[in-house]
$ cat final-v9.txt   # compact mmCIF, C-alpha atoms and all ligand atoms
# COMPACT_ATOMS: atom_id res chain seq x y z
CA MET A 108 58.79 124.22 86.48
CA GLY A 109 60.01 122.90 83.10
CA SER A 110 63.54 123.53 81.85
CA LEU A 111 64.05 126.90 80.21
CA LYS A 112 67.16 125.72 78.33
CA ASN A 113 66.65 125.87 74.55
CA ARG A 114 63.14 127.32 74.96
CA ASP A 115 61.80 129.72 72.36
CA ILE A 116 60.28 133.01 73.58
CA ILE A 117 57.41 133.62 71.18
CA SER A 118 54.41 134.53 73.36
CA ILE A 119 54.39 135.49 77.02
CA LEU A 120 51.53 132.96 77.31
CA ASP A 121 54.15 130.21 76.83
CA PHE A 122 55.50 131.00 80.32
CA THR A 123 53.96 130.04 83.67
CA LYS A 124 53.75 132.44 86.58
CA GLU A 125 56.54 130.48 88.32
CA GLU A 126 58.80 130.75 85.27
CA ILE A 127 58.17 134.49 84.98
CA LEU A 128 58.98 135.05 88.67
CA TYR A 129 62.10 132.87 88.36
CA ILE A 130 63.36 135.00 85.43
CA LEU A 131 62.67 138.21 87.37
CA ASP A 132 64.55 136.93 90.45
CA LEU A 133 67.52 135.86 88.32
CA SER A 134 67.47 139.27 86.59
CA LYS A 135 67.83 140.95 89.98
CA GLU A 136 70.86 138.80 90.74
CA MET A 137 72.25 139.51 87.29
CA GLU A 138 71.88 143.25 87.84
CA LYS A 139 73.68 143.04 91.21
CA LYS A 140 76.53 140.70 90.31
CA GLY A 141 76.80 140.35 86.52
CA CYS A 142 78.15 137.14 84.96
CA PRO A 143 80.99 138.09 82.60
CA ASP A 144 82.15 135.41 80.17
CA ILE A 145 79.38 132.86 80.78
CA LEU A 146 78.39 133.07 77.08
CA ARG A 147 81.94 133.06 75.66
CA GLY A 148 81.95 131.16 72.36
CA LYS A 149 78.20 131.67 71.77
CA VAL A 150 76.84 133.71 68.85
CA LEU A 151 73.55 135.65 68.77
CA ALA A 152 71.98 136.61 65.43
CA ASN A 153 69.94 139.82 65.69
CA LEU A 154 67.56 139.76 62.70
CA PHE A 155 65.64 143.04 62.62
CA PHE A 156 63.26 143.48 59.69
CA GLU A 157 61.76 146.54 61.45
CA PRO A 158 63.44 149.51 63.16
CA SER A 159 64.53 149.27 66.79
CA THR A 160 66.75 151.13 69.21
CA ARG A 161 66.19 149.58 72.65
CA THR A 162 65.47 145.95 71.84
CA ARG A 163 68.25 145.40 69.32
CA LEU A 164 70.94 147.32 71.17
CA SER A 165 70.08 145.91 74.60
CA PHE A 166 70.19 142.36 73.23
CA GLU A 167 73.54 143.18 71.61
CA ALA A 168 74.92 144.77 74.78
CA ALA A 169 73.59 141.90 76.92
CA MET A 170 75.27 139.26 74.72
CA LYS A 171 78.58 141.13 74.67
CA ARG A 172 78.55 141.76 78.42
CA LEU A 173 78.25 138.01 78.93
CA GLY A 174 81.22 137.34 76.63
CA GLY A 175 79.27 136.32 73.51
CA GLU A 176 79.38 137.54 69.91
CA VAL A 177 76.66 139.20 67.83
CA ILE A 178 75.94 139.07 64.09
CA GLY A 179 72.89 140.30 62.22
CA PHE A 180 71.20 143.11 60.36
CA ASP A 181 68.94 146.01 61.20
CA GLU A 182 67.12 146.53 57.92
CA LEU A 183 65.57 144.30 55.33
CA GLY A 184 67.15 146.25 52.46
CA THR A 185 70.65 144.83 53.02
CA THR A 186 69.52 141.19 53.02
CA SER A 187 68.69 138.68 50.30
CA THR A 188 65.02 139.19 51.19
CA VAL A 189 65.13 141.91 48.51
CA LYS A 190 66.12 139.24 45.97
CA GLY A 191 63.05 137.23 46.92
CA GLU A 192 64.43 134.86 49.57
CA SER A 193 61.74 133.63 51.96
CA LEU A 194 62.04 134.15 55.73
CA LYS A 195 62.02 130.38 56.16
CA ASP A 196 64.99 129.89 53.82
CA SER A 197 66.91 132.80 55.38
CA VAL A 198 66.61 131.48 58.93
CA LYS A 199 67.46 127.91 57.87
CA ILE A 200 70.78 129.29 56.61
CA ILE A 201 71.38 131.65 59.53
CA GLU A 202 70.85 128.88 62.13
CA GLY A 203 74.11 127.41 60.85
CA TYR A 204 75.92 130.64 61.79
CA CYS A 205 74.72 131.14 65.37
CA ASP A 206 73.38 129.62 68.60
CA ILE A 207 70.25 131.75 69.08
CA ILE A 208 68.13 134.08 66.94
CA VAL A 209 66.41 137.30 68.03
CA LEU A 210 63.82 138.24 65.39
CA ARG A 211 61.79 141.39 64.88
CA HIS A 212 59.43 141.19 61.92
CA PHE A 213 56.48 143.16 60.58
CA LEU A 214 54.36 140.01 60.12
CA GLU A 215 52.32 138.58 62.98
CA GLY A 216 53.35 134.96 63.48
CA ALA A 217 56.79 135.38 61.88
CA SER A 218 58.60 134.29 65.06
CA ARG A 219 56.42 131.20 65.50
CA LEU A 220 57.02 130.24 61.85
CA THR A 221 60.77 130.70 62.36
CA ALA A 222 60.83 128.68 65.58
CA ASP A 223 58.91 125.86 63.88
CA SER A 224 61.37 125.86 60.94
CA ILE A 225 64.71 125.59 62.77
CA SER A 226 66.19 123.81 65.77
CA ILE A 227 68.02 126.61 67.64
CA PRO A 228 66.09 128.87 70.06
CA VAL A 229 64.17 131.87 68.67
CA ILE A 230 63.27 135.00 70.62
CA ASN A 231 60.38 137.13 69.36
CA ALA A 232 61.52 140.77 69.54
CA GLY A 233 58.14 141.97 68.21
CA ASP A 234 56.00 140.44 65.46
CA GLY A 235 53.77 143.00 63.82
CA ALA A 236 50.98 144.18 66.10
CA SER A 237 50.93 140.88 67.98
CA GLN A 238 53.36 140.45 70.90
CA HIS A 239 56.70 141.60 72.34
CA PRO A 240 57.35 139.14 75.18
CA THR A 241 60.86 140.21 76.24
CA GLN A 242 59.56 143.78 76.65
CA THR A 243 57.03 142.27 79.03
CA PHE A 244 59.75 140.70 81.18
CA VAL A 245 61.38 144.16 81.26
CA ASP A 246 58.04 145.81 82.14
CA LEU A 247 57.30 143.36 84.97
CA TYR A 248 60.83 143.78 86.32
CA THR A 249 60.33 147.57 86.33
CA ILE A 250 56.92 147.33 88.01
CA LYS A 251 58.28 144.99 90.70
CA ASN A 252 61.21 147.34 91.37
CA ALA A 253 58.93 150.38 91.52
CA LYS A 254 56.04 148.94 93.55
CA GLY A 255 57.71 146.07 95.45
CA VAL A 256 54.94 143.69 94.32
CA LEU A 257 53.23 142.42 91.19
CA GLU A 258 50.03 141.12 92.79
CA ASN A 259 46.70 142.98 92.99
CA LEU A 260 47.73 146.15 91.15
CA THR A 261 45.34 148.40 89.26
CA VAL A 262 46.89 149.05 85.88
CA GLY A 263 45.83 151.51 83.18
CA PHE A 264 46.88 150.95 79.57
CA LEU A 265 46.76 154.23 77.65
CA GLY A 266 47.04 154.83 73.91
CA ASP A 267 47.12 152.52 70.91
CA LEU A 268 45.81 149.24 72.30
CA LYS A 269 44.87 147.88 68.88
CA TYR A 270 48.36 147.83 67.36
CA GLY A 271 50.47 148.15 70.52
CA ARG A 272 52.09 144.73 70.92
CA THR A 273 53.72 145.62 74.25
CA SER A 274 50.28 146.20 75.81
CA HIS A 275 48.98 142.87 74.51
CA SER A 276 51.86 140.93 76.05
CA LEU A 277 51.82 142.85 79.33
CA ALA A 278 48.06 142.41 79.81
CA TYR A 279 48.47 138.65 79.32
CA ALA A 280 51.31 138.53 81.85
CA LEU A 281 49.46 140.60 84.45
CA ALA A 282 46.58 138.13 84.26
CA HIS A 283 48.80 135.87 86.43
CA PHE A 284 48.90 138.54 89.15
CA ASN A 285 45.24 139.39 89.76
CA ALA A 286 45.56 142.83 88.17
CA GLU A 287 42.52 145.03 87.63
CA MET A 288 42.93 146.52 84.15
CA TYR A 289 41.65 149.77 82.64
CA PHE A 290 42.05 150.01 78.87
CA ILE A 291 42.03 153.71 77.96
CA SER A 292 41.87 154.38 74.21
CA PRO A 293 39.73 155.89 71.48
CA PRO A 294 37.04 153.40 70.36
CA SER A 295 38.96 152.77 67.10
CA LEU A 296 42.09 151.66 69.01
CA ARG A 297 40.60 149.22 71.52
CA ILE A 298 42.36 145.93 72.28
CA PRO A 299 41.33 143.38 69.61
CA LYS A 300 38.64 140.84 70.49
CA ASP A 301 41.01 137.83 70.58
CA TYR A 302 43.04 139.38 73.41
CA MET A 303 39.91 140.26 75.35
CA GLU A 304 38.60 136.71 75.02
CA GLU A 305 41.90 135.35 76.35
CA LEU A 306 41.75 137.74 79.32
CA GLU A 307 38.15 136.68 79.99
CA LEU A 308 39.21 133.03 79.96
CA ARG A 309 41.73 133.98 82.63
CA CYS A 310 38.99 135.72 84.68
CA VAL A 311 40.64 139.16 84.43
CA SER A 312 38.63 142.11 85.70
CA TYR A 313 38.88 144.80 83.01
CA HIS A 314 37.15 148.00 81.89
CA GLU A 315 37.31 149.91 78.60
CA VAL A 316 37.12 153.72 78.80
CA ASP A 317 37.84 156.66 76.48
CA SER A 318 39.42 159.11 78.91
CA ILE A 319 42.09 158.93 81.58
CA TYR A 320 40.07 161.48 83.60
CA GLU A 321 37.50 158.73 84.30
CA VAL A 322 39.98 156.42 86.06
CA SER A 323 43.21 158.24 86.97
CA ASP A 324 42.60 158.15 90.74
CA LYS A 325 42.35 154.33 90.76
CA LEU A 326 45.67 153.52 89.11
CA ASP A 327 48.86 152.09 90.67
CA ILE A 328 50.51 151.82 87.26
CA LEU A 329 49.88 153.73 84.03
CA TYR A 330 51.32 152.03 80.93
CA CYS A 331 51.46 154.69 78.25
CA THR A 332 52.03 153.83 74.58
CA ARG A 333 52.63 155.58 71.29
CA ILE A 334 50.02 155.57 68.52
CA GLN A 335 51.63 153.16 66.03
CA LYS A 336 51.48 155.30 62.90
CA GLU A 337 53.32 152.70 60.79
CA ARG A 338 50.59 150.07 61.29
CA PHE A 339 47.66 152.11 59.95
CA ALA A 340 46.56 150.99 56.48
CA ASP A 341 44.82 154.34 55.95
CA PRO A 342 46.67 157.60 56.85
CA VAL A 343 43.30 159.32 57.28
CA GLU A 344 42.48 156.95 60.14
CA TYR A 345 45.81 157.81 61.79
CA GLU A 346 45.09 161.54 61.48
CA LYS A 347 41.79 161.01 63.34
CA VAL A 348 43.63 159.77 66.47
CA ARG A 349 46.99 161.53 66.19
CA GLY A 350 47.85 163.33 69.43
CA VAL A 351 44.62 162.23 71.09
CA TYR A 352 46.41 161.62 74.40
CA LYS A 353 49.17 163.83 75.77
CA LEU A 354 50.61 163.63 79.24
CA SER A 355 52.58 166.56 80.67
CA LYS A 356 53.41 167.79 84.13
CA SER A 357 50.67 170.45 83.94
CA ILE A 358 48.09 167.85 82.85
CA MET A 359 49.19 165.58 85.71
CA ASP A 360 48.79 168.50 88.16
CA GLY A 361 45.14 168.67 87.10
CA LEU A 362 44.51 164.92 87.38
CA LYS A 363 43.58 163.12 90.57
CA VAL A 364 46.22 160.39 90.95
CA LYS A 365 47.73 158.31 93.73
CA ASP A 366 50.98 159.78 95.14
CA ASP A 367 52.82 156.55 94.38
CA LEU A 368 51.51 156.15 90.82
CA LYS A 369 54.25 154.96 88.47
CA ILE A 370 54.18 155.59 84.73
CA LEU A 371 55.85 153.21 82.28
CA HIS A 372 56.33 153.62 78.55
CA PRO A 373 58.08 151.06 76.32
CA LEU A 374 59.35 153.98 74.19
CA PRO A 375 59.95 155.47 71.69
CA ARG A 376 57.62 158.35 72.55
CA VAL A 377 56.35 160.84 70.01
CA ASP A 378 53.92 163.44 71.40
CA GLU A 379 52.00 161.45 74.03
CA MET A 380 54.55 162.02 76.81
CA ASP A 381 55.97 165.51 77.24
CA GLU A 382 59.55 165.88 78.49
CA SER A 383 58.19 167.79 81.51
CA MET A 384 57.05 164.38 82.79
CA ASP A 385 60.60 163.06 83.00
CA THR A 386 61.48 164.67 86.33
CA THR A 387 58.20 163.81 88.08
CA SER A 388 58.09 161.07 90.73
CA TYR A 389 55.77 159.11 88.43
CA ALA A 390 58.20 158.52 85.57
CA VAL A 391 60.09 155.22 85.54
CA TYR A 392 60.41 154.77 81.77
CA PHE A 393 64.13 155.45 81.53
CA GLN A 394 64.84 152.91 84.31
CA GLN A 395 62.51 150.60 82.36
CA ALA A 396 64.62 150.93 79.19
CA HIS A 397 67.85 150.36 81.13
CA SER A 398 66.41 147.23 82.78
CA GLY A 399 66.51 145.71 79.30
CA ILE A 400 70.14 144.80 79.98
CA PRO A 401 69.88 142.57 83.09
CA VAL A 402 66.60 141.05 81.91
CA ARG A 403 67.90 140.20 78.43
CA GLU A 404 71.23 138.99 79.85
CA THR A 405 69.24 136.61 82.03
CA LEU A 406 67.01 135.39 79.21
CA LEU A 407 70.02 134.69 76.95
CA ALA A 408 71.96 132.95 79.73
CA VAL A 409 69.03 130.76 80.78
CA ILE A 410 68.03 129.74 77.26
CA LEU A 411 71.63 128.99 76.28
CA GLY A 412 72.02 126.86 79.41
CA ALA A 413 74.68 129.00 81.08
CA ILE A 414 72.70 129.43 84.33
N1 LIG A 501 60.47 149.17 73.40
C1 LIG A 501 60.92 148.86 72.15
O1 LIG A 501 60.59 147.80 71.60
O2 LIG A 501 61.72 149.81 71.60
P1 LIG A 501 62.47 149.66 70.21
O3 LIG A 501 61.41 149.65 69.13
O4 LIG A 501 63.39 150.84 70.13
O5 LIG A 501 63.21 148.35 70.22
$ encode --input "final-v9.txt" --output "C-alpha cells"
Amino acid sequence: MGSLKNRDIISILDFTKEEILYILDLSKEMEKKGCPDILRGKVLANLFFEPSTRTRLSFEAAMKRLGGEVIGFDELGTTSTVKGESLKDSVKIIEGYCDIIVLRHFLEGASRLTADSISIPVINAGDGASQHPTQTFVDLYTIKNAKGVLENLTVGFLGDLKYGRTSHSLAYALAHFNAEMYFISPPSLRIPKDYMEELELRCVSYHEVDSIYEVSDKLDILYCTRIQKERFADPVEYEKVRGVYKLSKSIMDGLKVKDDLKILHPLPRVDEMDESMDTTSYAVYFQQAHSGIPVRETLLAVILGAI
C-alpha cells in the first residue's frame, strides 16, 4: 500500500481496496478512542461554492475535534469569485493560508484542476454531478457497521442516478467487493454511460430497472437518493420525474424485502423518504450522517501525516 500522507482525494478510483479497508479500520479506532490534539497547529480551508450541511460541518467538527483550525466560506457570493477571480488564482492564494483544502464546486473536474494547480492536499467534497469520494468512505463505513461485511452484497441504488454523485462514487467503490448492483431509476435518470463502462471494465454484475417492486426482495442494501433538482437544465424535465419514488413505512409493508435490509441515504431528503421510515429497522441514514465525523477525522489525520 502506498503512503496516504499528502494524498489528494479526488476520485474514489484513486484508492485501492487495501487503502479503503485501512481507512475504514482506522475510522473504527478513531470512533472508539478519538485522537484529540493530533492536528494542533494545522489549518483546514473549507471552500464551499455549493450548499452543504453534513459535509462542511462534519469536516469542520472533525478538524476541531483533532485540535486543528478551520477557515473558509460557504457561498460563492462572499468571495472574490464575484469580481471575476478564477478558481485557479483563488486556490493558489488560499494554499498559503492553510495546510489542506476541502472543495465543493458545481463544476465537474474542479477538484482535479485545483489539485493540479497547488501543492497542498485537496479533498473533493463534491464536484458537480461527478463524484463525492469522502461520502463514499462514510457510506462504506455505515454498510460495514450495519452488515458486518462489505463483500458479496446485493445493493440497489434508487433515485437520481444521472446527477447523483454519491451513487457514482459508491458504485465504483463497491466494485472492489463483488457487489451485485441494481440501478433503479426512471429511464431519463440512468447512470451515465462512462460510469457503466468503468463498472463493466471491473466486471461488475449490474441490472437497470424502473421499479423497486421488481427487485426489492433481492436487496441487502438500498441506497436511496434525492432527485437533484438543481442540476436540471430544463425545469420541465425535473417536473416529469419529481416525486417519482417515495418510500414510507406503509409502502415498505407492501414490499417484499429481506428482514435485515438496510437503507442508506446521503441526505438531504426531500419527498423520497417519508419520516415514517425513520423508526423502522431498515433506516441507518442518521447513523450514516454521524459517521461523517470519525471517517473525516481519519482522512484528515492520515493525509496530514498525524497517524
Ligand atoms: N451528503 C451530503 O453531501 O450532504 P450535504 O450536501 O449536506 O453536505
$ closest_atom_pairs --input "final-v9.txt" --of "chain A" --to "ligand LIG 501 (chain A)" --cutoff "10 Å" --atoms "only C-alpha atoms and all ligand atoms" --output "JSON lines"
{"residue": "A:Phe155", "atom": "CA", "partner": "A:LIG501", "partner_atom": "O5", "distance": 9.6}
{"residue": "A:Glu157", "atom": "CA", "partner": "A:LIG501", "partner_atom": "O3", "distance": 8.3}
{"residue": "A:Pro158", "atom": "CA", "partner": "A:LIG501", "partner_atom": "O3", "distance": 6.3}
{"residue": "A:Ser159", "atom": "CA", "partner": "A:LIG501", "partner_atom": "O5", "distance": 3.8}
{"residue": "A:Thr160", "atom": "CA", "partner": "A:LIG501", "partner_atom": "O4", "distance": 3.5}
{"residue": "A:Arg161", "atom": "CA", "partner": "A:LIG501", "partner_atom": "O4", "distance": 4.0}
{"residue": "A:Thr162", "atom": "CA", "partner": "A:LIG501", "partner_atom": "O5", "distance": 3.7}
{"residue": "A:Arg163", "atom": "CA", "partner": "A:LIG501", "partner_atom": "O5", "distance": 5.9}
{"residue": "A:Leu164", "atom": "CA", "partner": "A:LIG501", "partner_atom": "O5", "distance": 7.9}
{"residue": "A:Ser165", "atom": "CA", "partner": "A:LIG501", "partner_atom": "O5", "distance": 8.5}
{"residue": "A:Phe166", "atom": "CA", "partner": "A:LIG501", "partner_atom": "O5", "distance": 9.7}
{"residue": "A:Arg211", "atom": "CA", "partner": "A:LIG501", "partner_atom": "O5", "distance": 8.9}
{"residue": "A:Ala232", "atom": "CA", "partner": "A:LIG501", "partner_atom": "O1", "distance": 7.4}
{"residue": "A:Gly233", "atom": "CA", "partner": "A:LIG501", "partner_atom": "O1", "distance": 7.2}
{"residue": "A:His239", "atom": "CA", "partner": "A:LIG501", "partner_atom": "O1", "distance": 7.4}
{"residue": "A:Pro240", "atom": "CA", "partner": "A:LIG501", "partner_atom": "O1", "distance": 9.9}
{"residue": "A:Thr241", "atom": "CA", "partner": "A:LIG501", "partner_atom": "O1", "distance": 8.9}
{"residue": "A:Gln242", "atom": "CA", "partner": "A:LIG501", "partner_atom": "N1", "distance": 6.4}
{"residue": "A:Thr243", "atom": "CA", "partner": "A:LIG501", "partner_atom": "N1", "distance": 9.5}
{"residue": "A:Val245", "atom": "CA", "partner": "A:LIG501", "partner_atom": "N1", "distance": 9.4}
{"residue": "A:Asp246", "atom": "CA", "partner": "A:LIG501", "partner_atom": "N1", "distance": 9.7}
{"residue": "A:Arg272", "atom": "CA", "partner": "A:LIG501", "partner_atom": "O1", "distance": 9.1}
{"residue": "A:Thr273", "atom": "CA", "partner": "A:LIG501", "partner_atom": "N1", "distance": 7.7}
{"residue": "A:Thr332", "atom": "CA", "partner": "A:LIG501", "partner_atom": "N1", "distance": 9.7}
{"residue": "A:His372", "atom": "CA", "partner": "A:LIG501", "partner_atom": "N1", "distance": 8.0}
{"residue": "A:Pro373", "atom": "CA", "partner": "A:LIG501", "partner_atom": "N1", "distance": 4.2}
{"residue": "A:Leu374", "atom": "CA", "partner": "A:LIG501", "partner_atom": "N1", "distance": 5.0}
{"residue": "A:Pro375", "atom": "CA", "partner": "A:LIG501", "partner_atom": "O2", "distance": 5.9}
{"residue": "A:Arg376", "atom": "CA", "partner": "A:LIG501", "partner_atom": "O2", "distance": 9.5}
{"residue": "A:Gln395", "atom": "CA", "partner": "A:LIG501", "partner_atom": "N1", "distance": 9.3}
{"residue": "A:Ala396", "atom": "CA", "partner": "A:LIG501", "partner_atom": "N1", "distance": 7.3}
{"residue": "A:Gly399", "atom": "CA", "partner": "A:LIG501", "partner_atom": "N1", "distance": 9.1}
$ atom_distance --input "final-v9.txt" --atom1 "CA of Glu379 in chain A" --atom2 "CA of His314 in chain A"
21.5 Å
$ closest_residue --input "final-v9.txt" --among "A:Ile145, A:Val177, A:Val189, A:Leu220" --to "Ile117 in chain A" --atoms "all atoms listed in the file"
A:Leu220
$ residues_around --input "final-v9.txt" --residues "range 216-218 of chain A" --least-positions-apart "6" --cutoff "7 Å" --atoms "only C-alpha atoms" --output "PyMOL selection string"
chain A and resi 117+210+231+234
$ write_last_selection --input "final-v9.txt" --atoms "C-alpha atoms" --output "compact mmCIF listing (two decimals), in the coordinates of the input"
# COMPACT_ATOMS: atom_id res chain seq x y z
CA ILE A 117 57.41 133.62 71.18
CA LEU A 210 63.82 138.24 65.39
CA ASN A 231 60.38 137.13 69.36
CA ASP A 234 56.00 140.44 65.46
$ closest_residue --input "final-v9.txt" --among "A:Leu368, A:Ile116, A:Leu131, A:Ile291" --to "Ile230 in chain A" --atoms "all atoms listed in the file"
A:Ile116
$ residues_around --input "final-v9.txt" --residues "Met288 in chain A" --least-positions-apart "4" --cutoff "8 Å" --atoms "only C-alpha atoms" --output "list in words"
Thr261, Val262, Gly263, Phe264, Ala278, Val311, Ser312, Tyr313 and His314 of chain A
$ atom_distance --input "final-v9.txt" --atom1 "CA of Leu354 in chain A" --atom2 "CA of Phe339 in chain A"
22.7 Å
$ closest_residue --input "final-v9.txt" --among "A:His212, A:Ile319, A:Cys331, A:Met303" --to "Ser274 in chain A" --atoms "all atoms listed in the file"
A:Cys331
$ atom_distance --input "final-v9.txt" --atom1 "CA of Ser237 in chain A" --atom2 "CA of Val150 in chain A"
26.9 Å
$ residues_around --input "final-v9.txt" --residues "Val351 in chain A" --least-positions-apart "4" --cutoff "12 Å" --atoms "all atoms listed in the file" --output "JSON, numbers by chain"
{"A": [265, 266, 267, 291, 292, 293, 294, 295, 296, 317, 318, 319, 332, 333, 334, 345, 346, 347, 377, 378, 379, 380]}
$ closest_residue --input "final-v9.txt" --among "A:Asp181, A:Thr249, A:Val198, A:Lys325" --to "His397 in chain A" --atoms "all atoms listed in the file"
A:Thr249
$ residues_around --input "final-v9.txt" --residues "Ser224 in chain A" --least-positions-apart "4" --cutoff "12 Å" --atoms "all atoms listed in the file" --output "VMD selection string"
chain A and resid 193 to 202 217 to 220 228 to 229
$ write_last_selection --input "final-v9.txt" --atoms "C-alpha atoms" --output "CSV table (one decimal), keeping the file's coordinate frame"
chain,number,residue,atom,x,y,z
A,193,SER,CA,61.7,133.6,52.0
A,194,LEU,CA,62.0,134.2,55.7
A,195,LYS,CA,62.0,130.4,56.2
A,196,ASP,CA,65.0,129.9,53.8
A,197,SER,CA,66.9,132.8,55.4
A,198,VAL,CA,66.6,131.5,58.9
A,199,LYS,CA,67.5,127.9,57.9
A,200,ILE,CA,70.8,129.3,56.6
A,201,ILE,CA,71.4,131.6,59.5
A,202,GLU,CA,70.8,128.9,62.1
A,217,ALA,CA,56.8,135.4,61.9
A,218,SER,CA,58.6,134.3,65.1
A,219,ARG,CA,56.4,131.2,65.5
A,220,LEU,CA,57.0,130.2,61.8
A,228,PRO,CA,66.1,128.9,70.1
A,229,VAL,CA,64.2,131.9,68.7
$ closest_residue --input "final-v9.txt" --among "A:Ser118, A:Ser134, A:Thr386, A:Gln238" --to "Asn252 in chain A" --atoms "all atoms listed in the file"
A:Ser134
